[in-house]
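Reviewing the structure listed below.
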Amino acid sequence: MEPKKTFKTYHFKNAIALKTARRGIMTHEGHLPVEIGSPPEFKGAADVWCPEELLIGAVNTCLMLTFLSFAQHRQLEIAAYESGAEGIVEHADGKYRVTQIRVQPVVSLKRENDIPLAQELFKGAKEGCFISNSVTATVDLTPQFRI
């Protein structure tokens with residue numbers, strides 16, 4: 001009988017503190033503080049990071065880092081990587097929630113014949129990104145490639 005594979009468990013922390021009515025500070029030791037608050041759509045201000053943007057940013061970031069990890073492992077040279085993401089918040093199933101996150105990376109590669117490998121790695125990144133695997137929103141990933 002083959003031994004059962006064990007997996008590590010990781011813990012991540014942060015803390016928040018109220019600053020004013022709909023604003024606060026998110027902190028963690030060794031990190032720069034992040035000013036947070038409600039977005040204008042929910043009686044907040046546009047000059048702070050809101051939970052919706054942080055969630056969408058977490059998905060976008062995780063997909064990038066997962067792809068880059070896979071690319072490094074497969075020795076795919078990436079010249080540049082930029083990605084935009086948009087989330088849709090709507091009333092569904094009796095409550096507001098993020099229902100869709102669209103991630104649109106633009107990746108510059110060294111060679112045109114690297115595009116099929118990059119496409120394969122993005123498929124793997126979408127399957128392996130633990131942040132996008134943790135949300136109920138549909139995640140649409142549509143990479144574009146430049147040489």
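Labeling convention for the structure tokens: chains A, B, ... as they appear, residues from 1 per chain, ligands from 1 in order of appearance.
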
| message | So that I can see what lies close to Gln119 of chain A, please list as a PyMOL selection string the residues with an atom at most 9 Å from it, counting only C-alpha atoms and leaving out residues fewer than 5 positions away in the same chain. | response | chain A and resi 114+124+143

| message | Taking the DSSP secondary structure from the backbone, can you list the residues of segment 30-110 of chain A that are strand (DSSP E or B), as JSON, numbers by chain? | response | {"A": [34, 35, 36, 37, 49, 78, 79, 80, 81, 82, 83, 84, 85, 86, 87, 88, 89, 90, 91, 92, 95, 96, 97, 98, 99, 100, 101, 102, 103, 104, 105, 106, 107, 108, 109]}

| task | Identify all residues of segment 17-125 of chain A in alpha helix (DSSP H) (DSSP on the backbone) and supply them as a ChimeraX atom specification. | result | /A:51-73,115-125
